[in-house]
$ cat work33.pdb   # PDB, C-alpha atoms, pLDDT in the B column
MODEL        1
ATOM      1  CA  MET J   1     123.178 102.150 118.408  1.00 94.00           C
ATOM      2  CA  LYS J   2     122.138 105.004 116.124  1.00 98.00           C
ATOM      3  CA  ILE J   3     118.685 105.415 114.582  1.00 98.00           C
ATOM      4  CA  SER J   4     117.657 107.067 111.329  1.00 98.00           C
ATOM      5  CA  VAL J   5     114.041 108.211 111.425  1.00 98.00           C
ATOM      6  CA  VAL J   6     112.557 108.027 107.918  1.00 98.00           C
ATOM      7  CA  ILE J   7     109.290 109.738 106.979  1.00 98.00           C
ATOM      8  CA  ILE J   8     107.491 110.083 103.656  1.00 98.00           C
ATOM      9  CA  THR J   9     105.327 113.156 103.178  1.00 98.00           C
ATOM     10  CA  PHE J  10     102.865 114.825 100.848  1.00 98.00           C
ATOM     11  CA  ASN J  11     100.981 117.956 101.941  1.00 98.00           C
ATOM     12  CA  GLU J  12     101.354 117.150 105.632  1.00 98.00           C
ATOM     13  CA  GLN J  13     101.555 120.652 107.074  1.00 98.00           C
ATOM     14  CA  LYS J  14      99.012 119.896 109.812  1.00 97.00           C
ATOM     15  CA  ASN J  15     100.789 116.718 110.965  1.00 98.00           C
ATOM     16  CA  ILE J  16     104.515 116.816 110.307  1.00 98.00           C
ATOM     17  CA  GLU J  17     105.598 119.140 113.126  1.00 98.00           C
ATOM     18  CA  ARG J  18     103.992 116.923 115.783  1.00 98.00           C
ATOM     19  CA  CYS J  19     105.780 113.926 114.282  1.00 98.00           C
ATOM     20  CA  LEU J  20     109.168 115.667 114.200  1.00 98.00           C
ATOM     21  CA  LEU J  21     108.863 116.938 117.758  1.00 98.00           C
ATOM     22  CA  SER J  22     108.102 113.425 118.996  1.00 98.00           C
ATOM     23  CA  VAL J  23     111.296 111.917 117.522  1.00 98.00           C
ATOM     24  CA  LYS J  24     113.837 114.701 118.034  1.00 96.00           C
ATOM     25  CA  ASP J  25     115.133 113.203 121.308  1.00 96.00           C
ATOM     26  CA  ILE J  26     115.760 109.716 119.900  1.00 98.00           C
ATOM     27  CA  ALA J  27     116.744 110.390 116.276  1.00 98.00           C
ATOM     28  CA  ASP J  28     120.386 110.519 115.195  1.00 98.00           C
ATOM     29  CA  GLU J  29     119.201 111.695 111.783  1.00 98.00           C
ATOM     30  CA  ILE J  30     115.810 112.429 110.253  1.00 98.00           C
ATOM     31  CA  ILE J  31     115.185 111.654 106.583  1.00 98.00           C
ATOM     32  CA  ILE J  32     112.189 113.237 104.854  1.00 98.00           C
ATOM     33  CA  LEU J  33     111.237 112.017 101.383  1.00 98.00           C
ATOM     34  CA  ASP J  34     108.563 114.358 100.081  1.00 98.00           C
ATOM     35  CA  SER J  35     106.304 113.737  97.073  1.00 98.00           C
ATOM     36  CA  LEU J  36     106.442 117.324  95.790  1.00 98.00           C
ATOM     37  CA  SER J  37     104.149 118.899  98.383  1.00 98.00           C
ATOM     38  CA  THR J  38     102.346 122.111  97.461  1.00 98.00           C
ATOM     39  CA  ASP J  39     101.634 123.278 101.023  1.00 98.00           C
ATOM     40  CA  LYS J  40     104.044 124.314 103.815  1.00 98.00           C
ATOM     41  CA  THR J  41     105.387 120.811 104.512  1.00 98.00           C
ATOM     42  CA  LYS J  42     108.904 121.613 103.264  1.00 98.00           C
ATOM     43  CA  GLU J  43     109.009 124.953 105.092  1.00 98.00           C
ATOM     44  CA  ILE J  44     108.065 123.294 108.388  1.00 98.00           C
ATOM     45  CA  CYS J  45     110.514 120.420 107.959  1.00 98.00           C
ATOM     46  CA  LEU J  46     113.441 122.726 107.244  1.00 97.00           C
ATOM     47  CA  LYS J  47     112.947 124.400 110.633  1.00 97.00           C
ATOM     48  CA  TYR J  48     114.252 121.172 112.120  1.00 96.00           C
ATOM     49  CA  ASN J  49     117.509 119.326 111.615  1.00 91.00           C
ATOM     50  CA  VAL J  50     116.314 117.077 108.809  1.00 98.00           C
ATOM     51  CA  LYS J  51     117.677 115.839 105.489  1.00 98.00           C
ATOM     52  CA  PHE J  52     114.983 116.763 103.003  1.00 98.00           C
ATOM     53  CA  PHE J  53     114.614 114.968  99.668  1.00 98.00           C
ATOM     54  CA  GLU J  54     111.973 115.268  96.969  1.00 98.00           C
ATOM     55  CA  GLN J  55     110.750 112.917  94.272  1.00 97.00           C
ATOM     56  CA  LYS J  56     107.528 111.970  92.523  1.00 97.00           C
ATOM     57  CA  PHE J  57     105.412 109.450  94.460  1.00 96.00           C
ATOM     58  CA  LEU J  58     106.212 105.915  93.327  1.00 93.00           C
ATOM     59  CA  GLY J  59     103.715 104.010  95.473  1.00 93.00           C
ATOM     60  CA  HIS J  60     103.598 103.445  99.234  1.00 94.00           C
ATOM     61  CA  ILE J  61     105.969 100.480  99.279  1.00 95.00           C
ATOM     62  CA  GLU J  62     108.360 101.908  96.723  1.00 96.00           C
ATOM     63  CA  GLN J  63     108.473 105.344  98.351  1.00 97.00           C
ATOM     64  CA  LYS J  64     109.160 103.960 101.825  1.00 97.00           C
ATOM     65  CA  ASN J  65     111.932 101.699 100.551  1.00 98.00           C
ATOM     66  CA  LYS J  66     113.522 104.664  98.776  1.00 97.00           C
ATOM     67  CA  ALA J  67     113.392 106.722 101.978  1.00 97.00           C
ATOM     68  CA  MET J  68     114.979 103.827 103.872  1.00 97.00           C
ATOM     69  CA  GLN J  69     117.816 103.662 101.336  1.00 97.00           C
ATOM     70  CA  LEU J  70     118.617 107.335 101.980  1.00 98.00           C
ATOM     71  CA  ALA J  71     119.407 106.617 105.642  1.00 98.00           C
ATOM     72  CA  THR J  72     123.022 106.366 106.784  1.00 98.00           C
ATOM     73  CA  ASN J  73     122.428 104.222 109.895  1.00 98.00           C
ATOM     74  CA  ASP J  74     121.612 100.516 109.880  1.00 98.00           C
ATOM     75  CA  TYR J  75     118.617 100.848 112.206  1.00 98.00           C
ATOM     76  CA  VAL J  76     115.681 102.813 110.836  1.00 98.00           C
ATOM     77  CA  LEU J  77     112.477 103.961 112.499  1.00 98.00           C
ATOM     78  CA  SER J  78     109.882 104.426 109.775  1.00 98.00           C
ATOM     79  CA  LEU J  79     106.915 106.679 110.519  1.00 98.00           C
ATOM     80  CA  ASP J  80     104.078 108.247 108.578  1.00 97.00           C
ATOM     81  CA  ALA J  81     103.730 112.010 108.959  1.00 98.00           C
ATOM     82  CA  ASP J  82     100.454 111.604 110.854  1.00 98.00           C
ATOM     83  CA  GLU J  83     102.103 109.409 113.501  1.00 98.00           C
ATOM     84  CA  ALA J  84     103.989 110.332 116.657  1.00 98.00           C
ATOM     85  CA  LEU J  85     105.751 108.486 119.460  1.00 98.00           C
ATOM     86  CA  SER J  86     104.011 108.282 122.820  1.00 98.00           C
ATOM     87  CA  ASP J  87     106.101 109.185 125.862  1.00 98.00           C
ATOM     88  CA  LYS J  88     106.263 105.521 126.876  1.00 98.00           C
ATOM     89  CA  LEU J  89     107.443 104.476 123.412  1.00 98.00           C
ATOM     90  CA  LYS J  90     110.140 107.172 123.433  1.00 98.00           C
ATOM     91  CA  THR J  91     111.385 105.836 126.775  1.00 98.00           C
ATOM     92  CA  GLU J  92     111.466 102.284 125.416  1.00 98.00           C
ATOM     93  CA  ILE J  93     113.373 103.318 122.301  1.00 98.00           C
ATOM     94  CA  LYS J  94     115.976 105.083 124.446  1.00 98.00           C
ATOM     95  CA  LYS J  95     116.460 101.804 126.325  1.00 98.00           C
ATOM     96  CA  ILE J  96     116.822  99.940 123.021  1.00 98.00           C
ATOM     97  CA  LYS J  97     119.500 102.383 121.878  1.00 98.00           C
ATOM     98  CA  LYS J  98     121.543 101.580 124.977  1.00 97.00           C
ATOM     99  CA  ASN J  99     121.106  97.825 124.692  1.00 96.00           C
ATOM    100  CA  CYS J 100     120.005  96.558 121.268  1.00 97.00           C
ATOM    101  CA  ASN J 101     119.741  92.767 121.150  1.00 96.00           C
ATOM    102  CA  TYR J 102     117.175  92.301 118.366  1.00 98.00           C
ATOM    103  CA  ASP J 103     116.961  92.849 114.625  1.00 98.00           C
ATOM    104  CA  ALA J 104     113.500  94.415 114.728  1.00 98.00           C
ATOM    105  CA  TYR J 105     110.929  95.789 117.152  1.00 98.00           C
ATOM    106  CA  ILE J 106     107.129  95.767 117.035  1.00 98.00           C
ATOM    107  CA  PHE J 107     104.900  98.372 118.726  1.00 97.00           C
ATOM    108  CA  ASN J 108     101.182  98.909 119.187  1.00 98.00           C
ATOM    109  CA  ARG J 109      99.532 101.577 117.051  1.00 98.00           C
ATOM    110  CA  LEU J 110      96.743 103.553 118.703  1.00 98.00           C
ATOM    111  CA  ASN J 111      94.479 105.352 116.234  1.00 98.00           C
ATOM    112  CA  ASN J 112      92.833 108.700 116.861  1.00 98.00           C
ATOM    113  CA  TYR J 113      89.589 109.140 114.915  1.00 98.00           C
ATOM    114  CA  CYS J 114      87.949 112.572 114.922  1.00 98.00           C
ATOM    115  CA  GLY J 115      89.490 113.288 118.330  1.00 97.00           C
ATOM    116  CA  LYS J 116      88.656 109.903 119.895  1.00 98.00           C
ATOM    117  CA  TRP J 117      91.137 107.110 120.602  1.00 98.00           C
ATOM    118  CA  ILE J 118      89.774 103.895 119.093  1.00 98.00           C
ATOM    119  CA  LYS J 119      90.469 100.559 120.827  1.00 98.00           C
ATOM    120  CA  HIS J 120      87.942  98.369 119.018  1.00 98.00           C
ATOM    121  CA  CYS J 121      86.860  97.728 115.390  1.00 98.00           C
ATOM    122  CA  GLY J 122      90.066  95.697 115.006  1.00 97.00           C
ATOM    123  CA  TRP J 123      92.040  98.940 115.252  1.00 98.00           C
ATOM    124  CA  TYR J 124      93.954  98.121 118.435  1.00 98.00           C
ATOM    125  CA  PRO J 125      96.580  97.040 119.306  1.00 96.00           C
ATOM    126  CA  ASP J 126      97.237  97.123 115.511  1.00 96.00           C
ATOM    127  CA  LYS J 127     100.809  95.882 116.007  1.00 97.00           C
ATOM    128  CA  LYS J 128     103.365  97.337 113.605  1.00 98.00           C
ATOM    129  CA  LEU J 129     107.016  96.542 112.953  1.00 98.00           C
ATOM    130  CA  ARG J 130     108.581  99.981 112.530  1.00 98.00           C
ATOM    131  CA  LEU J 131     112.095  99.815 113.987  1.00 98.00           C
ATOM    132  CA  TRP J 132     114.503  97.410 112.331  1.00 98.00           C
ATOM    133  CA  ASN J 133     117.917  96.743 110.857  1.00 98.00           C
ATOM    134  CA  ARG J 134     117.489  97.791 107.233  1.00 98.00           C
ATOM    135  CA  LYS J 135     120.110  95.231 106.154  1.00 97.00           C
ATOM    136  CA  LYS J 136     117.734  92.489 107.246  1.00 98.00           C
ATOM    137  CA  GLY J 137     114.323  93.726 106.096  1.00 98.00           C
ATOM    138  CA  GLN J 138     112.449  96.053 103.771  1.00 98.00           C
ATOM    139  CA  TRP J 139     108.953  97.229 102.915  1.00 98.00           C
ATOM    140  CA  GLY J 140     106.707  94.776 101.074  1.00 97.00           C
ATOM    141  CA  GLY J 141     103.086  93.647 101.088  1.00 94.00           C
ATOM    142  CA  THR J 142     100.390  94.974  98.770  1.00 90.00           C
ATOM    143  CA  ASN J 143      99.793  98.693  98.151  1.00 88.00           C
ATOM    144  CA  PRO J 144      98.405 100.600  99.954  1.00 90.00           C
ATOM    145  CA  HIS J 145      98.670  98.175 102.904  1.00 88.00           C
ATOM    146  CA  ASP J 146     102.432  97.932 103.172  1.00 94.00           C
ATOM    147  CA  LYS J 147     104.360  96.052 105.837  1.00 96.00           C
ATOM    148  CA  VAL J 148     107.984  95.400 106.747  1.00 98.00           C
ATOM    149  CA  ILE J 149     109.167  91.943 105.720  1.00 98.00           C
ATOM    150  CA  MET J 150     112.208  90.616 107.559  1.00 98.00           C
ATOM    151  CA  GLN J 151     114.617  87.952 106.387  1.00 97.00           C
ATOM    152  CA  ASN J 152     114.384  84.460 107.857  1.00 97.00           C
ATOM    153  CA  ASN J 153     115.916  83.799 111.284  1.00 96.00           C
ATOM    154  CA  THR J 154     115.814  87.430 112.416  1.00 98.00           C
ATOM    155  CA  LYS J 155     115.199  88.201 116.080  1.00 98.00           C
ATOM    156  CA  ILE J 156     112.087  90.324 116.656  1.00 98.00           C
ATOM    157  CA  LYS J 157     110.835  91.753 119.951  1.00 98.00           C
ATOM    158  CA  TYR J 158     107.422  93.139 120.858  1.00 98.00           C
ATOM    159  CA  ILE J 159     107.383  96.377 122.883  1.00 98.00           C
ATOM    160  CA  ASN J 160     104.110  97.091 124.719  1.00 98.00           C
ATOM    161  CA  ALA J 161     104.015 100.825 124.009  1.00 98.00           C
ATOM    162  CA  ASP J 162     101.939 102.935 121.643  1.00 98.00           C
ATOM    163  CA  LEU J 163     102.696 104.630 118.375  1.00 98.00           C
ATOM    164  CA  LEU J 164     100.062 107.356 118.111  1.00 98.00           C
ATOM    165  CA  HIS J 165      98.291 107.615 114.770  1.00 98.00           C
ATOM    166  CA  TYR J 166      96.178 110.711 114.090  1.00 98.00           C
ATOM    167  CA  SER J 167      94.270 109.014 111.303  1.00 96.00           C
ATOM    168  CA  TYR J 168      91.326 111.271 110.465  1.00 97.00           C
ATOM    169  CA  TYR J 169      90.169 114.650 111.733  1.00 97.00           C
ATOM    170  CA  ALA J 170      86.767 114.371 110.038  1.00 98.00           C
ATOM    171  CA  VAL J 171      84.610 111.524 108.737  1.00 98.00           C
ATOM    172  CA  ASN J 172      84.741 112.928 105.214  1.00 98.00           C
ATOM    173  CA  GLU J 173      88.535 112.504 105.218  1.00 97.00           C
ATOM    174  CA  HIS J 174      88.037 108.806 105.960  1.00 98.00           C
ATOM    175  CA  ILE J 175      85.559 108.442 103.089  1.00 98.00           C
ATOM    176  CA  ILE J 176      87.890 110.135 100.601  1.00 97.00           C
ATOM    177  CA  GLN J 177      90.870 108.055 101.742  1.00 97.00           C
ATOM    178  CA  SER J 178      88.906 104.802 101.610  1.00 97.00           C
ATOM    179  CA  ASP J 179      87.881 105.519  97.996  1.00 97.00           C
ATOM    180  CA  LYS J 180      91.513 106.184  97.125  1.00 96.00           C
ATOM    181  CA  PHE J 181      92.732 103.029  98.883  1.00 97.00           C
ATOM    182  CA  ALA J 182      90.046 100.912  97.186  1.00 97.00           C
ATOM    183  CA  LYS J 183      91.356 101.960  93.768  1.00 97.00           C
ATOM    184  CA  ILE J 184      94.997 101.384  94.702  1.00 96.00           C
ATOM    185  CA  ALA J 185      94.251  97.963  96.192  1.00 96.00           C
ATOM    186  CA  ALA J 186      92.200  96.915  93.165  1.00 97.00           C
ATOM    187  CA  LYS J 187      95.097  97.760  90.845  1.00 96.00           C
ATOM    188  CA  ALA J 188      97.507  95.823  93.053  1.00 95.00           C
ATOM    189  CA  TYR J 189      95.136  92.812  93.131  1.00 96.00           C
ATOM    190  CA  PHE J 190      94.777  92.945  89.351  1.00 96.00           C
ATOM    191  CA  LYS J 191      98.537  93.086  88.902  1.00 95.00           C
ATOM    192  CA  ASN J 192      98.895  90.042  91.173  1.00 95.00           C
ATOM    193  CA  LYS J 193      96.054  88.248  89.292  1.00 94.00           C
ATOM    194  CA  LYS J 194      93.835  87.954  92.347  1.00 95.00           C
ATOM    195  CA  LYS J 195      90.507  86.400  91.369  1.00 92.00           C
ATOM    196  CA  SER J 196      87.070  87.912  91.896  1.00 95.00           C
ATOM    197  CA  THR J 197      83.572  87.060  90.709  1.00 95.00           C
ATOM    198  CA  PHE J 198      80.364  89.052  90.272  1.00 95.00           C
ATOM    199  CA  ILE J 199      79.201  88.047  93.747  1.00 97.00           C
ATOM    200  CA  THR J 200      82.520  88.649  95.544  1.00 97.00           C
ATOM    201  CA  PRO J 201      81.939  92.347  96.413  1.00 97.00           C
ATOM    202  CA  TYR J 202      78.566  91.524  97.977  1.00 97.00           C
ATOM    203  CA  TYR J 203      79.577  88.784 100.374  1.00 97.00           C
ATOM    204  CA  LYS J 204      82.874  90.534 101.165  1.00 98.00           C
ATOM    205  CA  VAL J 205      81.099  93.738 102.238  1.00 98.00           C
ATOM    206  CA  VAL J 206      78.714  91.832 104.523  1.00 98.00           C
ATOM    207  CA  TRP J 207      81.494  89.837 106.154  1.00 98.00           C
ATOM    208  CA  LYS J 208      83.668  92.924 106.596  1.00 98.00           C
ATOM    209  CA  PHE J 209      80.945  94.789 108.489  1.00 98.00           C
ATOM    210  CA  ILE J 210      80.022  91.792 110.675  1.00 98.00           C
ATOM    211  CA  ASN J 211      83.662  91.176 111.507  1.00 98.00           C
ATOM    212  CA  CYS J 212      84.416  94.823 112.280  1.00 98.00           C
ATOM    213  CA  TYR J 213      81.243  95.782 114.141  1.00 98.00           C
ATOM    214  CA  PHE J 214      80.312  92.578 115.992  1.00 98.00           C
ATOM    215  CA  ILE J 215      83.273  90.197 116.177  1.00 98.00           C
ATOM    216  CA  LYS J 216      85.839  92.953 116.736  1.00 98.00           C
ATOM    217  CA  THR J 217      83.377  94.838 118.966  1.00 98.00           C
ATOM    218  CA  GLY J 218      83.191  98.037 116.964  1.00 98.00           C
ATOM    219  CA  PHE J 219      79.799  98.666 118.574  1.00 98.00           C
ATOM    220  CA  LEU J 220      81.614  99.568 121.803  1.00 98.00           C
ATOM    221  CA  GLU J 221      82.874 102.736 120.110  1.00 98.00           C
ATOM    222  CA  LYS J 222      79.244 103.834 119.649  1.00 97.00           C
ATOM    223  CA  LYS J 223      78.628 106.219 116.725  1.00 97.00           C
ATOM    224  CA  TYR J 224      82.230 106.303 115.546  1.00 98.00           C
ATOM    225  CA  GLY J 225      82.421 102.528 115.738  1.00 98.00           C
ATOM    226  CA  PHE J 226      79.459 102.224 113.382  1.00 98.00           C
ATOM    227  CA  THR J 227      80.922 104.859 111.065  1.00 98.00           C
ATOM    228  CA  ILE J 228      84.347 103.203 110.927  1.00 98.00           C
ATOM    229  CA  CYS J 229      82.896  99.761 110.246  1.00 98.00           C
ATOM    230  CA  LYS J 230      80.504 101.077 107.590  1.00 98.00           C
ATOM    231  CA  ILE J 231      83.239 102.935 105.715  1.00 98.00           C
ATOM    232  CA  SER J 232      85.621  99.969 106.004  1.00 98.00           C
ATOM    233  CA  ALA J 233      82.962  97.648 104.592  1.00 98.00           C
ATOM    234  CA  ASN J 234      82.209 100.063 101.782  1.00 98.00           C
ATOM    235  CA  GLU J 235      85.914 100.252 100.938  1.00 98.00           C
ATOM    236  CA  THR J 236      85.986  96.462 100.635  1.00 98.00           C
ATOM    237  CA  PHE J 237      82.958  96.557  98.329  1.00 98.00           C
ATOM    238  CA  LYS J 238      84.502  99.225  96.090  1.00 98.00           C
ATOM    239  CA  LYS J 239      87.833  97.425  96.020  1.00 98.00           C
ATOM    240  CA  TYR J 240      86.318  94.281  94.511  1.00 98.00           C
ATOM    241  CA  LYS J 241      83.961  96.209  92.234  1.00 97.00           C
ATOM    242  CA  ASN J 242      86.982  98.095  90.886  1.00 97.00           C
ATOM    243  CA  LEU J 243      88.858  94.829  90.483  1.00 97.00           C
ATOM    244  CA  ASN J 244      85.984  93.338  88.473  1.00 97.00           C
ATOM    245  CA  SER J 245      85.939  96.450  86.280  1.00 96.00           C
ATOM    246  CA  LEU J 246      89.649  96.085  85.583  1.00 96.00           C
ATOM    247  CA  TYR J 247      89.140  92.478  84.473  1.00 94.00           C
ATOM    248  CA  LYS J 248      86.216  93.505  82.227  1.00 93.00           C
ATOM    249  CA  ASN J 249      88.264  96.268  80.613  1.00 92.00           C
ATOM    250  CA  SER J 250      91.175  93.936  80.006  1.00 90.00           C
ATOM    251  CA  VAL J 251      88.853  91.479  78.229  1.00 82.00           C
ATOM    252  CA  LYS J 252      87.446  94.267  76.053  1.00 77.00           C
ATOM    253  CA  GLN J 253      90.939  95.376  75.093  1.00 78.00           C
ATOM    254  CA  GLN J 254      91.821  91.825  74.092  1.00 74.00           C
ATOM    255  CA  ASP J 255      88.703  91.659  71.885  1.00 64.00           C
TER     256      ASP J 255
ENDMDL
END
$ encode --input "work33.pdb" --output "structure tokens"
Amino acid sequence: MKISVVIITFNEQKNIERCLLSVKDIADEIIILDSLSTDKTKEICLKYNVKFFEQKFLGHIEQKNKAMQLATNDYVLSLDADEALSDKLKTEIKKIKKNCNYDAYIFNRLNNYCGKWIKHCGWYPDKKLRLWNRKKGQWGGTNPHDKVIMQNNTKIKYINADLLHYSYYAVNEHIIQSDKFAKIAAKAYFKNKKKSTFITPYYKVVWKFINCYFIKTGFLEKKYGFTICKISANETFKKYKNLNSLYKNSVKQQD
């Protein structure tokens, strides 16, 4: 069994080398699809044995499917530039390469937040399907929260090993990203005609914080747990406020 590692990038100079080093022992080819980075991402990637492609960003789902199509092997391992394989996961993937009996494999994702590994707030085990036969599945879901969707009757196995995700180095990065994701999600919801009312943002934000901080025990992460849950709740609020604004603007245009 041969594996194509596929990675999409945009200005990932502080992350991409760690990612590439983590996969070099299990990858039979590495595909990079870059969204016209302006930093040293390309320079770093070309130090390694990668196939480097560039195109304008099409959207998370669209970009990842394009990267997958550039692979030459049936099995693809799709990673974000800020992710890396743990030693245990590398060992498990080597075993899979010797004896592959499934169409897809699911791993845990362990998130690092400002230098701390987070195991609460609903952030762990955060199971992700990332290794699969590309003839039997592709990226889908709703931007920016993409997921791999497999065909019916495919065999999927869960591997209890961690994919390491270096999510945010500073709280401000999380805030900026959450604002960006709220806008992207609102546009996707509007396109899919998801309904929202004036009150929706207000009860959604309350429920999101309660669920994250209390039900999913975010409080156990102390100050970072509170920060994560607060920002996540605020993202939910902004997402629905943006969605309501899109509906209002569409009505005005019709008038």
$ resolve_selection --input "work33.pdb" --expression "the PyMOL selection byres ((chain J and resi 61) around 10)" --output "list in words"
Leu58, Gly59, His60, Glu62, Gln63, Lys64, Asn65, Lys66, Gln138, Trp139, Gly140, Gly141, Thr142, Asn143, Pro144, His145, Asp146, Lys147 and Val148 of chain J
$ write_last_selection --input "work33.pdb" --atoms "C-alpha atoms" --output "PDB file, in the frame of the given file"
ATOM      1  CA  LEU J  58     106.212 105.915  93.327  1.00 93.00           C
ATOM      2  CA  GLY J  59     103.715 104.010  95.473  1.00 93.00           C
ATOM      3  CA  HIS J  60     103.598 103.445  99.234  1.00 94.00           C
ATOM      4  CA  GLU J  62     108.360 101.908  96.723  1.00 96.00           C
ATOM      5  CA  GLN J  63     108.473 105.344  98.351  1.00 97.00           C
ATOM      6  CA  LYS J  64     109.160 103.960 101.825  1.00 97.00           C
ATOM      7  CA  ASN J  65     111.932 101.699 100.551  1.00 98.00           C
ATOM      8  CA  LYS J  66     113.522 104.664  98.776  1.00 97.00           C
ATOM      9  CA  GLN J 138     112.449  96.053 103.771  1.00 98.00           C
ATOM     10  CA  TRP J 139     108.953  97.229 102.915  1.00 98.00           C
ATOM     11  CA  GLY J 140     106.707  94.776 101.074  1.00 97.00           C
ATOM     12  CA  GLY J 141     103.086  93.647 101.088  1.00 94.00           C
ATOM     13  CA  THR J 142     100.390  94.974  98.770  1.00 90.00           C
ATOM     14  CA  ASN J 143      99.793  98.693  98.151  1.00 88.00           C
ATOM     15  CA  PRO J 144      98.405 100.600  99.954  1.00 90.00           C
ATOM     16  CA  HIS J 145      98.670  98.175 102.904  1.00 88.00           C
ATOM     17  CA  ASP J 146     102.432  97.932 103.172  1.00 94.00           C
ATOM     18  CA  LYS J 147     104.360  96.052 105.837  1.00 96.00           C
ATOM     19  CA  VAL J 148     107.984  95.400 106.747  1.00 98.00           C
TER      20      VAL J 148
END
$ resolve_selection --input "work33.pdb" --expression "the PyMOL selection byres ((chain J and resi 198) around 12)" --output "mmCIF file with C-alpha atoms, in the frame of the given file"
data_model
loop_
_atom_site.group_PDB
_atom_site.id
_atom_site.type_symbol
_atom_site.label_atom_id
_atom_site.label_comp_id
_atom_site.auth_asym_id
_atom_site.auth_seq_id
_atom_site.Cartn_x
_atom_site.Cartn_y
_atom_site.Cartn_z
ATOM 1 C CA LYS J 195 90.507 86.400 91.369
ATOM 2 C CA SER J 196 87.070 87.912 91.896
ATOM 3 C CA THR J 197 83.572 87.060 90.709
ATOM 4 C CA ILE J 199 79.201 88.047 93.747
ATOM 5 C CA THR J 200 82.520 88.649 95.544
ATOM 6 C CA PRO J 201 81.939 92.347 96.413
ATOM 7 C CA TYR J 202 78.566 91.524 97.977
ATOM 8 C CA TYR J 203 79.577 88.784 100.374
ATOM 9 C CA LYS J 204 82.874 90.534 101.165
ATOM 10 C CA PHE J 237 82.958 96.557 98.329
ATOM 11 C CA TYR J 240 86.318 94.281 94.511
ATOM 12 C CA LYS J 241 83.961 96.209 92.234
ATOM 13 C CA ASN J 242 86.982 98.095 90.886
ATOM 14 C CA LEU J 243 88.858 94.829 90.483
ATOM 15 C CA ASN J 244 85.984 93.338 88.473
ATOM 16 C CA SER J 245 85.939 96.450 86.280
ATOM 17 C CA TYR J 247 89.140 92.478 84.473
ATOM 18 C CA LYS J 248 86.216 93.505 82.227
#
$ atom_distance --input "work33.pdb" --atom1 "atom CA of J:Gln177" --atom2 "atom CA of J:Leu89"
27.5 Å
$ closest_residue --input "work33.pdb" --among "J:Tyr166, J:Tyr213, J:Tyr124, J:Tyr75" --to "J:Glu12" --atoms "only C-alpha atoms"
J:Tyr166
$ resolve_selection --input "work33.pdb" --expression "the PyMOL selection byres ((chain J and resi 228) around 9)" --output "NGL selection string"
:J and (113 or 121 or 171 or 174 or 212-213 or 218 or 223-227 or 229-233)
$ atom_distance --input "work33.pdb" --atom1 "atom CA of J:Ser37" --atom2 "atom CA of J:Lys90"
28.3 Å
$ residues_around --input "work33.pdb" --residues "J:Trp123" --least-positions-apart "6" --cutoff "10 Å" --atoms "all atoms listed in the file" --output "number ranges by chain"
J: 108-112, 117, 212, 216, 218, 228
$ closest_residue --input "work33.pdb" --among "J:Ile8, J:Gln253, J:Thr236, J:Thr217" --to "J:Lys119" --atoms "all atoms listed in the file"
J:Thr217
$ atom_distance --input "work33.pdb" --atom1 "atom CA of J:Ile175" --atom2 "atom CA of J:Lys42"
26.8 Å
$ residues_near_point --input "work33.pdb" --point "(117.4, 115.7, 99.1)" --cutoff "10 Å" --atoms "all atoms listed in the file" --output "VMD selection string"
chain J and resid 31 to 34 50 to 55 70
$ closest_residue --input "work33.pdb" --among "J:Asn160, J:Leu77, J:Gln69, J:Glu83" --to "J:Phe107" --atoms "all atoms listed in the file"
J:Asn160
$ closest_residue --input "work33.pdb" --among "J:Pro125, J:Thr154, J:Leu246, J:Trp132" --to "J:Ala186" --atoms "only C-alpha atoms"
J:Leu246
$ residues_near_point --input "work33.pdb" --point "(115.6, 98.7, 114.1)" --cutoff "12 Å" --atoms "all atoms listed in the file" --output "count of residues only"
43
$ decode --input "work33.pdb" --residues "stretch 27-35 of chain J" --atoms "N, CA and C atoms" --output "PDB file, in the first residue's frame"
ATOM      1  N   ALA J  27       5.286   8.656   3.981  1.00  0.00           N
ATOM      2  CA  ALA J  27       4.729   9.167   2.730  1.00  0.00           C
ATOM      3  C   ALA J  27       5.468   8.596   1.522  1.00  0.00           C
ATOM      4  N   ASP J  28       4.708   8.133   0.527  1.00  0.00           N
ATOM      5  CA  ASP J  28       5.288   7.723  -0.742  1.00  0.00           C
ATOM      6  C   ASP J  28       5.325   8.891  -1.723  1.00  0.00           C
ATOM      7  N   GLU J  29       4.505   9.890  -1.473  1.00  0.00           N
ATOM      8  CA  GLU J  29       4.600  11.181  -2.155  1.00  0.00           C
ATOM      9  C   GLU J  29       3.922  12.225  -1.274  1.00  0.00           C
ATOM     10  N   ILE J  30       4.361  13.453  -1.397  1.00  0.00           N
ATOM     11  CA  ILE J  30       3.767  14.556  -0.639  1.00  0.00           C
ATOM     12  C   ILE J  30       3.303  15.611  -1.635  1.00  0.00           C
ATOM     13  N   ILE J  31       2.010  15.913  -1.581  1.00  0.00           N
ATOM     14  CA  ILE J  31       1.402  16.913  -2.458  1.00  0.00           C
ATOM     15  C   ILE J  31       1.118  18.166  -1.639  1.00  0.00           C
ATOM     16  N   ILE J  32       1.637  19.295  -2.078  1.00  0.00           N
ATOM     17  CA  ILE J  32       1.325  20.580  -1.451  1.00  0.00           C
ATOM     18  C   ILE J  32       0.525  21.413  -2.448  1.00  0.00           C
ATOM     19  N   LEU J  33      -0.648  21.858  -2.037  1.00  0.00           N
ATOM     20  CA  LEU J  33      -1.427  22.796  -2.852  1.00  0.00           C
ATOM     21  C   LEU J  33      -1.479  24.112  -2.084  1.00  0.00           C
ATOM     22  N   ASP J  34      -0.751  25.085  -2.582  1.00  0.00           N
ATOM     23  CA  ASP J  34      -0.582  26.357  -1.884  1.00  0.00           C
ATOM     24  C   ASP J  34      -1.477  27.438  -2.484  1.00  0.00           C
ATOM     25  N   SER J  35      -2.027  28.282  -1.609  1.00  0.00           N
ATOM     26  CA  SER J  35      -2.938  29.349  -2.052  1.00  0.00           C
ATOM     27  C   SER J  35      -2.195  30.669  -2.239  1.00  0.00           C
TER      28      SER J  35
END
